[in-house]
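Source file: target_14.cif; contents: mmCIF, C-alpha atoms.
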data_start
loop_
_atom_site.label_atom_id
_atom_site.label_comp_id
_atom_site.auth_asym_id
_atom_site.auth_seq_id
_atom_site.Cartn_x
_atom_site.Cartn_y
_atom_site.Cartn_z
CA MET N 81 105.99 111.54 93.72
CA GLN N 82 108.31 113.00 96.31
CA GLN N 83 111.79 111.49 96.52
CA ASN N 84 111.26 110.59 100.19
CA ASP N 85 108.06 108.68 99.23
CA LEU N 86 110.05 106.20 97.16
CA PRO N 87 110.66 102.73 98.58
CA ALA N 88 114.14 101.41 99.22
CA ALA N 89 115.84 99.75 96.24
CA GLU N 90 115.25 96.29 97.72
CA PHE N 91 111.49 96.72 97.16
CA ARG N 92 111.78 97.89 93.55
CA HIS N 93 111.83 95.81 90.42
CA VAL N 94 114.21 97.24 87.80
CA TYR N 95 113.77 96.61 84.09
CA GLU N 96 116.32 98.09 81.65
CA PHE N 97 115.74 98.66 77.96
CA HIS N 98 117.07 100.61 75.01
CA ILE N 99 115.00 103.06 73.02
CA ARG N 100 114.20 101.75 69.55
CA PHE N 101 114.24 103.89 66.42
CA GLY N 102 110.51 103.23 65.93
CA ASP N 103 109.75 104.68 69.39
CA ILE N 104 110.67 108.19 68.22
CA ASP N 105 107.91 110.44 66.86
CA SER N 106 108.00 113.43 64.51
CA GLN N 107 108.85 115.69 67.47
CA GLY N 108 112.17 113.84 67.92
CA HIS N 109 111.35 112.24 71.29
CA VAL N 110 109.74 109.01 72.45
CA ASN N 111 106.04 109.01 71.59
CA ASN N 112 103.83 109.09 74.68
CA VAL N 113 101.99 105.88 73.77
CA LYS N 114 105.31 103.97 73.79
CA PHE N 115 105.59 104.57 77.54
CA LEU N 116 102.67 102.20 78.17
CA GLY N 117 104.57 99.55 76.21
CA TYR N 118 107.62 100.10 78.43
CA LEU N 119 105.43 99.63 81.52
CA GLU N 120 103.97 96.45 80.01
CA ASP N 121 107.44 95.07 79.28
CA ALA N 122 108.52 95.84 82.86
CA ARG N 123 105.44 94.06 84.29
CA LEU N 124 106.04 91.05 82.06
CA GLU N 125 109.60 90.74 83.36
CA MET N 126 108.51 91.33 86.96
CA PHE N 127 105.73 88.74 86.99
CA HIS N 128 106.86 86.25 84.37
CA GLY N 129 110.45 86.56 83.11
CA ASP N 130 112.27 87.05 86.40
CA PRO N 131 110.38 84.28 88.26
CA VAL N 132 110.96 81.79 85.42
CA ARG N 133 114.70 82.61 85.37
CA LYS N 134 114.80 82.02 89.15
CA GLY N 135 113.02 78.67 88.83
CA GLU N 136 109.83 80.05 90.37
CA LYS N 137 106.28 79.86 89.14
CA PRO N 138 105.26 82.98 87.15
CA VAL N 139 102.34 85.05 88.43
CA ARG N 140 99.37 84.87 86.05
CA GLY N 141 95.70 85.75 86.04
CA MET N 142 95.80 89.51 86.43
CA VAL N 143 94.30 92.27 84.33
CA ILE N 144 94.80 96.02 84.30
CA SER N 145 91.80 98.00 85.47
CA ARG N 146 93.44 101.45 85.42
CA HIS N 147 96.55 103.29 84.18
CA GLU N 148 97.58 106.80 85.09
CA ILE N 149 100.71 108.46 83.73
CA ASP N 150 102.41 111.81 84.19
CA TYR N 151 105.04 112.80 81.65
CA ARG N 152 107.79 114.77 83.38
CA GLN N 153 110.11 115.58 80.48
CA PRO N 154 110.77 114.46 76.91
CA LEU N 155 112.66 111.20 76.53
CA LEU N 156 115.14 111.76 73.72
CA PRO N 157 117.03 109.12 71.73
CA THR N 158 120.05 107.80 73.63
CA VAL N 159 122.47 104.91 73.41
CA TYR N 160 122.33 104.48 77.19
CA PRO N 161 119.78 102.18 78.80
CA ILE N 162 116.61 103.58 80.29
CA ARG N 163 114.92 101.75 83.13
CA VAL N 164 111.50 101.26 84.58
CA GLU N 165 111.55 100.97 88.36
CA THR N 166 108.37 99.39 89.72
CA TRP N 167 106.99 98.77 93.20
CA VAL N 168 103.68 98.05 94.93
CA THR N 169 102.04 100.96 96.74
CA GLU N 170 98.86 99.23 97.92
CA ALA N 171 97.78 95.59 98.09
CA ARG N 172 94.28 94.30 98.74
CA ALA N 173 92.63 90.89 98.62
CA ALA N 174 91.79 91.10 94.91
CA SER N 175 93.78 94.08 93.58
CA PHE N 176 97.01 95.99 93.97
CA THR N 177 98.55 99.18 92.69
CA LEU N 178 101.92 99.40 90.99
CA ALA N 179 103.92 102.62 90.83
CA TYR N 180 106.54 103.17 88.16
CA GLU N 181 109.29 105.58 87.26
CA VAL N 182 110.69 105.63 83.72
CA ARG N 183 114.14 107.04 84.30
CA ASP N 184 117.88 107.03 83.93
CA ASP N 185 120.45 107.92 86.59
CA ALA N 186 119.81 111.66 86.29
CA ASN N 187 116.22 112.12 85.10
CA VAL N 188 112.68 110.90 85.65
CA TYR N 189 110.82 110.98 82.32
CA ALA N 190 107.47 109.65 83.50
CA GLU N 191 105.73 108.51 86.65
CA ALA N 192 102.81 106.14 86.42
CA THR N 193 100.49 103.87 88.36
CA SER N 194 98.50 100.82 87.33
CA THR N 195 95.80 99.00 89.22
CA LEU N 196 95.80 95.26 88.63
CA VAL N 197 93.03 92.90 89.65
CA ALA N 198 93.07 89.14 90.08
CA PHE N 199 91.16 87.50 87.24
CA ASP N 200 90.16 83.93 86.42
CA PRO N 201 90.57 83.48 82.65
CA GLU N 202 88.39 80.36 82.61
CA THR N 203 85.34 81.88 84.30
CA HIS N 204 86.03 85.48 83.19
CA ARG N 205 85.42 86.66 86.74
CA LEU N 206 87.36 88.56 89.33
CA ARG N 207 88.85 86.51 92.15
CA ARG N 208 91.04 86.94 95.23
CA PHE N 209 94.79 86.53 95.11
CA THR N 210 96.18 83.24 96.38
CA ALA N 211 98.55 83.15 99.35
CA GLU N 212 101.42 82.46 96.92
CA GLU N 213 100.49 85.49 94.81
CA ARG N 214 100.19 87.72 97.90
CA GLU N 215 103.67 86.60 99.00
CA PHE N 216 105.10 87.50 95.60
CA ILE N 217 103.38 90.90 95.55
CA GLY N 218 104.65 91.50 99.07
CA ARG N 219 108.25 91.32 97.87
CA TYR N 220 107.70 94.67 96.19
CA THR N 221 105.65 96.30 98.95
CA ALA N 222 107.72 98.50 101.23
CA PRO N 223 106.75 98.43 104.90
CA THR N 224 104.94 101.55 106.08
CA ALA N 225 106.51 103.60 108.81
#

For this file, produce the structure as C-alpha cells.
Amino acid sequence: MQQNDLPAAEFRHVYEFHIRFGDIDSQGHVNNVKFLGYLEDARLEMFHGDPVRKGEKPVRGMVISRHEIDYRQPLLPTVYPIRVETWVTEARAASFTLAYEVRDDANVYAEATSTLVAFDPETHRLRRFTAEEREFIGRYTAPTA
C-alpha cells in the first residue's frame, strides 16, 4: 500500500495492544499466525466493543470469506503498544473489504485485507447489509477523489 493511498485518520479504526510472551516464536519475533489474531481482536473492537461503549448497537452477522496478509518486517518483543489501523476500502450490498496495517509510529509490520460478507446465522445464508449496517461501515470508508 502506498502512503498516499491511506485514508485520513478520521476514517481509520485504531486498536492498540501489547505483545504477549506467548506470541513470540523460536525465531524471537511474533509468529505469523498471531497476526490473524491481532486482526480479529481489532475487528471485534471495531464492530462490537467500541459501539457498545458508545451506547450503540454492535454490528453482528458477518463472516470472513477471505484474508490476505503481507509481512513487511519482523515484529520483535517490545514494551510499547502496537496498533492495528483498519479501514474499509470497498463496500457492496452484501460484502465489504477491510484493509489493515499492523504498526507502531515508525514501522509497518504487516498489511492485510479481509473480505467480510453479511450472513444470517439462523438460516445459514448470505444476506444484504441493513441500512444501519451500511451507515456504520460507511464511517470507515474514505470518500474517493

Can you spell out as a ChimeraX atom specification the set of residues that the PyMOL selection byres ((chain N and resi 178-185) around 6) selects in the structure I just provided?
/N:162-169,177,186-194

Which residues are close to Asn111 of chain N, i.e. within 10 Å by only C-alpha atoms, leaving aside same-chain residues fewer than 3 positions away? Reply as an MDAnalysis selection string.
chainID N and resid 102:108 114:115 154:156

Every residue with an atom at most 12 Å from (109.5, 92.7, 100.3) (file coordinates; all atoms listed in the file) is what I'm after, so could you write them as a PyMOL selection string?
chain N and resi 87-93+167-169+214-224

Interface rows for segment 93-190 of chain N against segment 205-213 of chain N: nearest pair, Å to one decimal, 7 Å, all atoms listed in the file, as a Markdown table:
| residue | atom | partner | partner_atom | distance |
| --- | --- | --- | --- | --- |
| N:Val139 | CA | N:Glu213 | CA | 6.7 |
| N:Ala173 | CA | N:Arg208 | CA | 5.4 |
| N:Ala174 | CA | N:Arg208 | CA | 4.2 |

Take the selection from the previous step and output its residues with C-alpha atoms, as a compact mmCIF listing (two decimals), keeping the file's coordinate frame.
# COMPACT_ATOMS: atom_id res chain seq x y z
CA VAL N 139 102.34 85.05 88.43
CA ALA N 173 92.63 90.89 98.62
CA ALA N 174 91.79 91.10 94.91

How many Å separate atom CA of His204 of chain N from atom CA of Pro131 of chain N?
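Separation of atom CA of His204 of chain N and atom CA of Pro131 of chain N: 24.9 Å.
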
Between N:Leu124, N:Gly141, N:Glu148, N:Glu170, which is the closest to Glu202 of chain N once you count only C-alpha atoms?
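Closest candidate: N:Gly141.
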
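Across the model, the gap from atom CA of His109 of chain N to atom CA of Leu196 of chain N is 28.8 Å.
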
With all atoms listed in the file as the atoms that count, which of N:Val143, N:Phe97, N:Lys137, N:Asp130 lies nearest to Tyr118 of chain N?
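Closest candidate: N:Phe97.
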
Suppose you want the space between atom CA of Val132 of chain N and atom CA of Thr195 of chain N; what is it in Å?
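Atom-to-atom, atom CA of Val132 of chain N to atom CA of Thr195 of chain N, that is 23.2 Å.
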
Compare N:Leu86, N:Ile149, N:Tyr95, N:Ser175 by their minimum atom-to-atom distance to Ala122 of chain N, counting all atoms listed in the file, and give me the closest one.
N:Tyr95
